[in-house]
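Printed here is data_10.pdb (PDB, C-alpha atoms and all ligand atoms):
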ATOM      1  CA  GLU A   1      -5.167 -72.632  50.065
ATOM      2  CA  ARG A   2      -8.251 -71.407  51.807
ATOM      3  CA  GLY A   3      -7.517 -67.765  52.404
ATOM      4  CA  ARG A   4      -6.817 -66.446  48.973
ATOM      5  CA  TRP A   5      -9.453 -63.816  48.402
ATOM      6  CA  ALA A   6      -9.416 -60.073  48.799
ATOM      7  CA  LEU A   7     -11.852 -57.521  50.124
ATOM      8  CA  ILE A   8     -11.273 -53.952  48.986
ATOM      9  CA  GLY A   9     -12.676 -50.881  50.749
ATOM     10  CA  GLU A  10     -12.347 -47.196  50.148
ATOM     11  CA  ALA A  11      -9.933 -45.425  52.463
ATOM     12  CA  PRO A  12      -8.855 -45.508  56.112
ATOM     13  CA  GLY A  13     -10.929 -43.562  58.622
ATOM     14  CA  ALA A  14      -9.580 -42.038  61.829
ATOM     15  CA  GLU A  15      -9.266 -45.344  63.713
ATOM     16  CA  GLU A  16      -7.745 -47.102  60.727
ATOM     17  CA  ASP A  17      -5.203 -44.323  60.302
ATOM     18  CA  GLN A  18      -4.253 -44.575  63.966
ATOM     19  CA  GLN A  19      -3.964 -48.365  64.051
ATOM     20  CA  GLY A  20      -2.567 -48.844  60.563
ATOM     21  CA  GLU A  21      -5.099 -51.531  59.772
ATOM     22  CA  ALA A  22      -8.139 -51.475  57.490
ATOM     23  CA  PHE A  23     -11.695 -51.637  58.824
ATOM     24  CA  VAL A  24     -11.137 -51.433  62.578
ATOM     25  CA  GLY A  25     -13.739 -48.720  63.368
ATOM     26  CA  MET A  26     -17.544 -49.021  63.524
ATOM     27  CA  ALA A  27     -17.820 -50.077  59.882
ATOM     28  CA  GLY A  28     -15.094 -52.650  60.465
ATOM     29  CA  GLN A  29     -16.954 -54.139  63.407
ATOM     30  CA  LEU A  30     -20.038 -54.596  61.264
ATOM     31  CA  LEU A  31     -17.838 -56.041  58.531
ATOM     32  CA  ASP A  32     -16.372 -58.570  60.975
ATOM     33  CA  GLN A  33     -19.904 -59.629  61.976
ATOM     34  CA  MET A  34     -20.887 -60.023  58.338
ATOM     35  CA  LEU A  35     -17.789 -62.115  57.656
ATOM     36  CA  ALA A  36     -18.440 -64.224  60.748
ATOM     37  CA  SER A  37     -21.991 -64.923  59.523
ATOM     38  CA  MET A  38     -20.333 -66.571  56.513
ATOM     39  CA  GLY A  39     -17.828 -68.468  58.628
ATOM     40  CA  TRP A  40     -14.987 -66.156  57.581
ATOM     41  CA  HIS A  41     -12.415 -64.383  59.711
ATOM     42  CA  ARG A  42     -10.103 -61.643  58.530
ATOM     43  CA  SER A  43      -6.995 -63.218  60.020
ATOM     44  CA  THR A  44      -7.346 -66.551  58.238
ATOM     45  CA  ASP A  45      -9.661 -66.324  55.270
ATOM     46  CA  LEU A  46      -9.055 -63.128  53.354
ATOM     47  CA  PHE A  47      -6.873 -60.114  52.711
ATOM     48  CA  ILE A  48      -8.317 -56.654  53.389
ATOM     49  CA  ALA A  49      -7.068 -53.508  51.707
ATOM     50  CA  ASN A  50      -8.287 -50.074  50.710
ATOM     51  CA  VAL A  51      -8.163 -48.327  47.348
ATOM     52  CA  VAL A  52      -6.720 -45.230  49.010
ATOM     53  CA  LYS A  53      -3.928 -45.702  51.526
ATOM     54  CA  CYS A  54      -4.215 -42.487  53.573
ATOM     55  CA  ARG A  55      -7.189 -40.914  55.235
ATOM     56  CA  PRO A  56      -8.716 -38.147  53.110
ATOM     57  CA  PRO A  57      -8.975 -34.913  55.165
ATOM     58  CA  GLY A  58     -12.268 -34.722  57.065
ATOM     59  CA  ASN A  59     -13.257 -38.175  55.790
ATOM     60  CA  ARG A  60     -14.374 -36.780  52.447
ATOM     61  CA  ASN A  61     -14.609 -39.121  49.473
ATOM     62  CA  PRO A  62     -11.185 -39.684  47.936
ATOM     63  CA  SER A  63     -10.658 -37.859  44.640
ATOM     64  CA  ALA A  64      -9.919 -39.641  41.372
ATOM     65  CA  ALA A  65      -6.354 -38.294  41.614
ATOM     66  CA  GLU A  66      -5.921 -39.755  45.117
ATOM     67  CA  CYS A  67      -7.216 -43.117  43.917
ATOM     68  CA  ALA A  68      -4.872 -42.996  40.939
ATOM     69  CA  ALA A  69      -1.923 -42.123  43.182
ATOM     70  CA  CYS A  70      -2.507 -45.285  45.248
ATOM     71  CA  ALA A  71      -3.445 -47.608  42.381
ATOM     72  CA  SER A  72       0.035 -49.044  41.791
ATOM     73  CA  TYR A  73       0.361 -49.866  45.513
ATOM     74  CA  LEU A  74      -2.978 -51.692  45.570
ATOM     75  CA  HIS A  75      -2.238 -53.503  42.324
ATOM     76  CA  ALA A  76       1.136 -54.626  43.685
ATOM     77  CA  GLN A  77      -0.621 -55.998  46.793
ATOM     78  CA  LEU A  78      -3.156 -57.851  44.653
ATOM     79  CA  LYS A  79      -0.491 -59.215  42.320
ATOM     80  CA  LEU A  80       1.382 -60.717  45.242
ATOM     81  CA  LEU A  81      -1.794 -62.200  46.683
ATOM     82  CA  ASN A  82      -3.074 -63.543  43.354
ATOM     83  CA  PRO A  83      -6.625 -63.752  44.753
ATOM     84  CA  ARG A  84      -9.191 -66.204  43.416
ATOM     85  CA  ALA A  85     -11.868 -63.540  43.640
ATOM     86  CA  VAL A  86     -12.282 -59.989  44.912
ATOM     87  CA  LEU A  87     -15.173 -58.428  46.820
ATOM     88  CA  ILE A  88     -15.330 -54.657  46.366
ATOM     89  CA  LEU A  89     -17.215 -52.629  48.978
ATOM     90  CA  GLY A  90     -18.887 -49.356  48.091
ATOM     91  CA  ARG A  91     -19.406 -47.179  45.059
ATOM     92  CA  ILE A  92     -16.132 -45.267  45.214
ATOM     93  CA  ALA A  93     -13.925 -48.350  45.338
ATOM     94  CA  ALA A  94     -16.017 -50.122  42.697
ATOM     95  CA  GLN A  95     -16.033 -47.252  40.231
ATOM     96  CA  GLN A  96     -12.322 -46.724  40.686
ATOM     97  CA  LEU A  97     -11.291 -50.373  40.403
ATOM     98  CA  LEU A  98     -13.626 -51.366  37.597
ATOM     99  CA  GLY A  99     -13.394 -48.110  35.654
ATOM    100  CA  LEU A 100     -17.199 -47.837  35.582
ATOM    101  CA  GLN A 101     -19.417 -44.897  36.500
ATOM    102  CA  ALA A 102     -22.556 -46.869  37.405
ATOM    103  CA  SER A 103     -24.427 -46.621  40.724
ATOM    104  CA  ILE A 104     -23.895 -49.186  43.460
ATOM    105  CA  ALA A 105     -27.371 -50.580  42.734
ATOM    106  CA  ALA A 106     -26.338 -51.219  39.132
ATOM    107  CA  LEU A 107     -22.889 -52.580  39.997
ATOM    108  CA  ARG A 108     -23.880 -55.114  42.652
ATOM    109  CA  GLY A 109     -25.490 -58.485  42.001
ATOM    110  CA  LYS A 110     -23.681 -59.226  38.770
ATOM    111  CA  PRO A 111     -20.305 -60.761  38.021
ATOM    112  CA  GLN A 112     -17.601 -58.196  37.355
ATOM    113  CA  GLN A 113     -14.023 -58.570  36.209
ATOM    114  CA  LEU A 114     -11.135 -56.810  37.873
ATOM    115  CA  THR A 115      -7.983 -56.328  35.820
ATOM    116  CA  ILE A 116      -4.898 -56.227  38.016
ATOM    117  CA  GLY A 117      -1.800 -54.645  36.519
ATOM    118  CA  ASP A 118      -1.528 -53.953  32.813
ATOM    119  CA  GLY A 119       0.070 -55.062  29.595
ATOM    120  CA  HIS A 120       1.230 -58.645  29.209
ATOM    121  CA  ALA A 121       1.445 -59.056  32.994
ATOM    122  CA  ALA A 122      -2.241 -58.208  33.605
ATOM    123  CA  MET A 123      -4.382 -60.661  35.536
ATOM    124  CA  VAL A 124      -8.170 -60.756  35.306
ATOM    125  CA  VAL A 125      -9.913 -61.812  38.497
ATOM    126  CA  PRO A 126     -13.644 -62.453  39.075
ATOM    127  CA  ALA A 127     -15.163 -59.772  41.290
ATOM    128  CA  LEU A 128     -18.425 -58.756  42.929
ATOM    129  CA  VAL A 129     -19.503 -55.399  44.303
ATOM    130  CA  SER A 130     -21.504 -54.912  47.487
ATOM    131  CA  TYR A 131     -22.565 -52.150  49.843
ATOM    132  CA  HIS A 132     -19.998 -50.493  52.069
ATOM    133  CA  PRO A 133     -20.566 -51.377  55.757
ATOM    134  CA  ALA A 134     -20.590 -47.656  56.659
ATOM    135  CA  TYR A 135     -23.554 -47.314  54.283
ATOM    136  CA  LEU A 136     -25.209 -50.336  55.922
ATOM    137  CA  LEU A 137     -24.819 -48.685  59.333
ATOM    138  CA  ARG A 138     -26.815 -45.732  57.991
ATOM    139  CA  ASN A 139     -29.242 -47.897  55.969
ATOM    140  CA  PRO A 140     -29.758 -51.134  57.894
ATOM    141  CA  GLU A 141     -32.697 -52.063  55.647
ATOM    142  CA  GLU A 142     -30.126 -52.790  52.909
ATOM    143  CA  LYS A 143     -28.427 -55.506  54.962
ATOM    144  CA  ALA A 144     -30.567 -58.212  53.345
ATOM    145  CA  LYS A 145     -29.088 -57.326  49.966
ATOM    146  CA  ALA A 146     -25.561 -57.349  51.405
ATOM    147  CA  TRP A 147     -26.311 -60.820  52.755
ATOM    148  CA  GLU A 148     -27.376 -61.923  49.256
ATOM    149  CA  ASP A 149     -24.130 -60.480  47.919
ATOM    150  CA  LEU A 150     -22.016 -62.401  50.432
ATOM    151  CA  ASN A 151     -23.743 -65.631  49.513
ATOM    152  CA  GLN A 152     -23.250 -64.926  45.824
ATOM    153  CA  PHE A 153     -19.603 -64.214  46.569
ATOM    154  CA  ALA A 154     -19.226 -67.525  48.430
ATOM    155  CA  GLN A 155     -20.538 -69.282  45.314
ATOM    156  CA  LEU A 156     -18.109 -67.393  43.132
ATOM    157  CA  LEU A 157     -15.282 -68.363  45.434
ATOM    158  CA  ASN A 158     -16.287 -72.022  45.338
ATOM    159  CA  ALA A 159     -16.474 -71.930  41.555
ATOM    160  CA  ALA A 160     -13.030 -70.309  41.414
ATOM    161  CA  SER A 161     -11.490 -72.853  43.776
ATOM    162  CA  PRO A 162     -13.086 -76.280  43.600
ATOM    163  CA  VAL A 163     -12.595 -78.169  46.840
ATOM    164  CA  ALA A 164      -9.914 -80.798  46.282
TER
HETATM  165  N1  LIG B 201     -13.895 -47.691  55.361
HETATM  166  C1  LIG B 201     -13.130 -48.210  54.384
HETATM  167  O1  LIG B 201     -13.487 -48.202  53.212
HETATM  168  N2  LIG B 201     -11.971 -48.741  54.729
HETATM  169  C2  LIG B 201     -11.544 -48.805  56.002
HETATM  170  O2  LIG B 201     -10.465 -49.324  56.219
HETATM  171  C3  LIG B 201     -12.369 -48.258  57.000
HETATM  172  C4  LIG B 201     -13.531 -47.716  56.657
END
Would you mind writing the file out in structure tokens?
Amino acid sequence: ERGRWALIGEAPGAEEDQQGEAFVGMAGQLLDQMLASMGWHRSTDLFIANVVKCRPPGNRNPSAAECAACASYLHAQLKLLNPRAVLILGRIAAQQLLGLQASIAALRGKPQQLTIGDGHAAMVVPALVSYHPAYLLRNPEEKAKAWEDLNQFAQLLNAASPVA
């Protein structure tokens, strides 16, 4: 069915913590606009989650230990969803999920593979990395690249789910 893809961010901010939903603050509003430009809406087309499930104090970057503590929760969510493809937003989420140390510039623009779970039950899902919308709010000149990423992701999604 149409909606089976996942978008993974970093961690809830203040508004997200209050409302219990991912990407509802300023970055989330930009994200919704970006999704709308592709004809996507969060309530029908995709599942949104964060790598870290609680807001890090003072909005600092989550630590590796905090990411690790939440990993089984996120992997359980992704296992249930069984997404056709995953779009990972921002360096922290990408490095954590893919187990790579590269910069966002090096991670984006090329096909990645996300392993969900481990052992015989592991699933490998095609993934792409793009800029975090909070970064795009601070660096609007990078929006063109994020737009390229979304279009590349749409192609990946089509390839992963041929229209019947
Ligand atoms: N930034 C994120 O990475 N996730 C959210 O839910 C909100 C802001």
- Of the residues A:Thr44, A:Gln101, A:Gln29, A:Ser72, which is the one nearest to ligand LIG 201 (chain B), using all atoms listed in the file?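 Of the candidates, the smallest distance to ligand LIG 201 (chain B) is held by A:Gln29.
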As a check of understanding, name the residues that the PyMOL selection byres (((not hetatm)) within 9 of (chain B and resi 201)) selects in the supplied structure, as an NGL selection string. :A and (8-17 or 21-28 or 48-53 or 89-90 or 92-93 or 132-134)
Here's the selection I'm unsure about, the PyMOL selection byres (((chain A and resi 149) around 12) and not hetatm); applied to the file above, which residues does it give, as a CSV table (one decimal) with C-alpha atoms, in the frame of the given file?
chain,number,residue,atom,x,y,z
A,34,MET,CA,-20.9,-60.0,58.3
A,35,LEU,CA,-17.8,-62.1,57.7
A,38,MET,CA,-20.3,-66.6,56.5
A,87,LEU,CA,-15.2,-58.4,46.8
A,88,ILE,CA,-15.3,-54.7,46.4
A,89,LEU,CA,-17.2,-52.6,49.0
A,105,ALA,CA,-27.4,-50.6,42.7
A,107,LEU,CA,-22.9,-52.6,40.0
A,108,ARG,CA,-23.9,-55.1,42.7
A,109,GLY,CA,-25.5,-58.5,42.0
A,110,LYS,CA,-23.7,-59.2,38.8
A,111,PRO,CA,-20.3,-60.8,38.0
A,127,ALA,CA,-15.2,-59.8,41.3
A,128,LEU,CA,-18.4,-58.8,42.9
A,129,VAL,CA,-19.5,-55.4,44.3
A,130,SER,CA,-21.5,-54.9,47.5
A,131,TYR,CA,-22.6,-52.2,49.8
A,132,HIS,CA,-20.0,-50.5,52.1
A,142,GLU,CA,-30.1,-52.8,52.9
A,143,LYS,CA,-28.4,-55.5,55.0
A,144,ALA,CA,-30.6,-58.2,53.3
A,145,LYS,CA,-29.1,-57.3,50.0
A,146,ALA,CA,-25.6,-57.3,51.4
A,147,TRP,CA,-26.3,-60.8,52.8
A,148,GLU,CA,-27.4,-61.9,49.3
A,150,LEU,CA,-22.0,-62.4,50.4
A,151,ASN,CA,-23.7,-65.6,49.5
A,152,GLN,CA,-23.2,-64.9,45.8
A,153,PHE,CA,-19.6,-64.2,46.6
A,154,ALA,CA,-19.2,-67.5,48.4
A,155,GLN,CA,-20.5,-69.3,45.3
A,156,LEU,CA,-18.1,-67.4,43.1
- Query: Pick from A:Pro57, A:Ile116, A:Ala71, A:Gln19: nearest to Ala85 (chain A), with only C-alpha atoms counted?
  - Reply: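 Checking each candidate against Ala85 (chain A), we get A:Ile116 as the closest.
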**Study point:** Selection result for the PyMOL selection byres (((chain A and resi 43) around 12) and not hetatm) on this file, as a PyMOL selection string
**Key:** chain A and resi 2-6+21+32+35-36+40-42+44-48
- Which residue of A:Leu81, A:His75, A:Ala64, A:Ala122 approaches Gly99 (chain A) most closely, using all atoms listed in the file: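 The shortest atom-to-atom distance to Gly99 (chain A) comes from A:Ala64.
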| said: Report, in Å with one decimal, the straight-line distance from CA of Arg91 (chain A) to CA of Ile104 (chain A). | reply: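 About the pair CA of Arg91 (chain A) and CA of Ile104 (chain A): they are 5.2 Å apart.
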Atom pair CA of Asp118 (chain A) + CA of Pro62 (chain A), distance 22.9 Å
Please enclose the listed atoms of region 9-18 of chain A in an axis-aligned box, pad each side by 3 Å, and write out the centre and the three edge lengths in Å, rounded to one decimal, as lines of an AutoDock Vina configuration file.
center_x = -8.5
center_y = -46.5
center_z = 57.1
size_x = 14.4
size_y = 14.8
size_z = 19.8
What separation in Å, quoted to one decimal, exists between CA of Pro140 (chain A) and CA of Ala94 (chain A)?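 The value is 20.5 Å.
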>> So, with all atoms listed in the file as the atoms that count, which of A:Gln96, A:Asn158, A:Glu141, A:Gln112 lies closest to Asn61 (chain A)?
In response: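 Using all atoms listed in the file, Asn61 (chain A) sits closest to A:Gln96.
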With distances taken over only C-alpha atoms, the candidate from A:Val125, A:Leu137, A:Leu78, A:Leu114 nearest Leu31 (chain A) is A:Leu137
Practice prompt. Return the single residue from A:Leu97, A:Asn82, A:Gly20, A:Leu30 that is closest to Leu136 (chain A), with distances computed using all atoms listed in the file.
Written response: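 Ranking A:Leu97, A:Asn82, A:Gly20, A:Leu30 by distance to Leu136 (chain A), first place goes to A:Leu30.
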When you get a chance, write out all heavy atoms for region 80-91 of chain A, as a compact mmCIF listing (two decimals), keeping the file's coordinate frame.
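Resulting contents of rebuild-v9.txt:
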# COMPACT_ATOMS: atom_id res chain seq x y z
N LEU A 80 0.71 -59.80 44.33
CA LEU A 80 1.38 -60.72 45.24
C LEU A 80 0.41 -61.75 45.79
O LEU A 80 0.73 -62.92 45.94
CB LEU A 80 2.00 -59.95 46.41
CG LEU A 80 3.27 -59.16 46.09
CD1 LEU A 80 3.64 -58.27 47.27
CD2 LEU A 80 4.40 -60.11 45.76
N LEU A 81 -0.80 -61.30 46.09
CA LEU A 81 -1.79 -62.20 46.68
C LEU A 81 -2.33 -63.19 45.65
O LEU A 81 -2.61 -64.33 45.98
CB LEU A 81 -2.95 -61.37 47.25
CG LEU A 81 -4.00 -62.17 47.99
CD1 LEU A 81 -3.44 -62.67 49.33
CD2 LEU A 81 -5.27 -61.36 48.22
N ASN A 82 -2.49 -62.71 44.41
CA ASN A 82 -3.07 -63.54 43.35
C ASN A 82 -4.42 -64.14 43.80
O ASN A 82 -4.59 -65.35 43.85
CB ASN A 82 -2.07 -64.65 42.98
CG ASN A 82 -2.53 -65.43 41.77
OD1 ASN A 82 -3.37 -64.96 41.00
ND2 ASN A 82 -1.99 -66.63 41.61
N PRO A 83 -5.38 -63.27 44.15
CA PRO A 83 -6.62 -63.75 44.75
C PRO A 83 -7.50 -64.51 43.75
O PRO A 83 -7.48 -64.22 42.56
CB PRO A 83 -7.32 -62.46 45.20
CG PRO A 83 -6.81 -61.42 44.27
CD PRO A 83 -5.39 -61.81 43.96
N ARG A 84 -8.26 -65.45 44.26
CA ARG A 84 -9.19 -66.20 43.42
C ARG A 84 -10.39 -65.34 43.03
O ARG A 84 -10.99 -65.52 41.99
CB ARG A 84 -9.70 -67.42 44.16
CG ARG A 84 -8.58 -68.38 44.47
CD ARG A 84 -9.14 -69.74 44.85
NE ARG A 84 -8.03 -70.66 44.89
CZ ARG A 84 -7.52 -71.12 46.03
NH1 ARG A 84 -8.04 -70.78 47.19
NH2 ARG A 84 -6.51 -71.94 45.99
N ALA A 85 -10.76 -64.45 43.91
CA ALA A 85 -11.87 -63.54 43.64
C ALA A 85 -11.71 -62.33 44.55
O ALA A 85 -11.02 -62.39 45.56
CB ALA A 85 -13.20 -64.24 43.90
N VAL A 86 -12.39 -61.24 44.16
CA VAL A 86 -12.28 -59.99 44.91
C VAL A 86 -13.68 -59.46 45.19
O VAL A 86 -14.53 -59.42 44.29
CB VAL A 86 -11.47 -58.94 44.11
CG1 VAL A 86 -11.45 -57.60 44.83
CG2 VAL A 86 -10.05 -59.44 43.86
N LEU A 87 -13.91 -59.07 46.43
CA LEU A 87 -15.17 -58.43 46.82
C LEU A 87 -14.88 -56.95 47.06
O LEU A 87 -14.04 -56.60 47.90
CB LEU A 87 -15.73 -59.09 48.09
CG LEU A 87 -17.06 -58.55 48.61
CD1 LEU A 87 -18.18 -58.75 47.58
CD2 LEU A 87 -17.44 -59.24 49.92
N ILE A 88 -15.57 -56.10 46.32
CA ILE A 88 -15.33 -54.66 46.37
C ILE A 88 -16.49 -54.00 47.12
O ILE A 88 -17.65 -54.21 46.77
CB ILE A 88 -15.24 -54.08 44.94
CG1 ILE A 88 -14.16 -54.81 44.13
CG2 ILE A 88 -14.97 -52.58 44.99
CD1 ILE A 88 -14.18 -54.48 42.64
N LEU A 89 -16.16 -53.22 48.15
CA LEU A 89 -17.22 -52.63 48.98
C LEU A 89 -17.37 -51.14 48.72
O LEU A 89 -16.44 -50.35 48.94
CB LEU A 89 -16.92 -52.87 50.46
CG LEU A 89 -16.89 -54.35 50.87
CD1 LEU A 89 -16.71 -54.47 52.38
CD2 LEU A 89 -18.15 -55.08 50.43
N GLY A 90 -18.54 -50.76 48.25
CA GLY A 90 -18.89 -49.36 48.09
C GLY A 90 -18.66 -48.82 46.69
O GLY A 90 -17.87 -49.34 45.91
N ARG A 91 -19.41 -47.76 46.41
CA ARG A 91 -19.41 -47.18 45.06
C ARG A 91 -18.04 -46.63 44.66
O ARG A 91 -17.58 -46.83 43.54
CB ARG A 91 -20.45 -46.05 45.01
CG ARG A 91 -20.54 -45.33 43.69
CD ARG A 91 -21.60 -44.24 43.74
NE ARG A 91 -21.26 -43.20 44.71
CZ ARG A 91 -20.49 -42.14 44.42
NH1 ARG A 91 -19.96 -42.01 43.22
NH2 ARG A 91 -20.25 -41.22 45.34
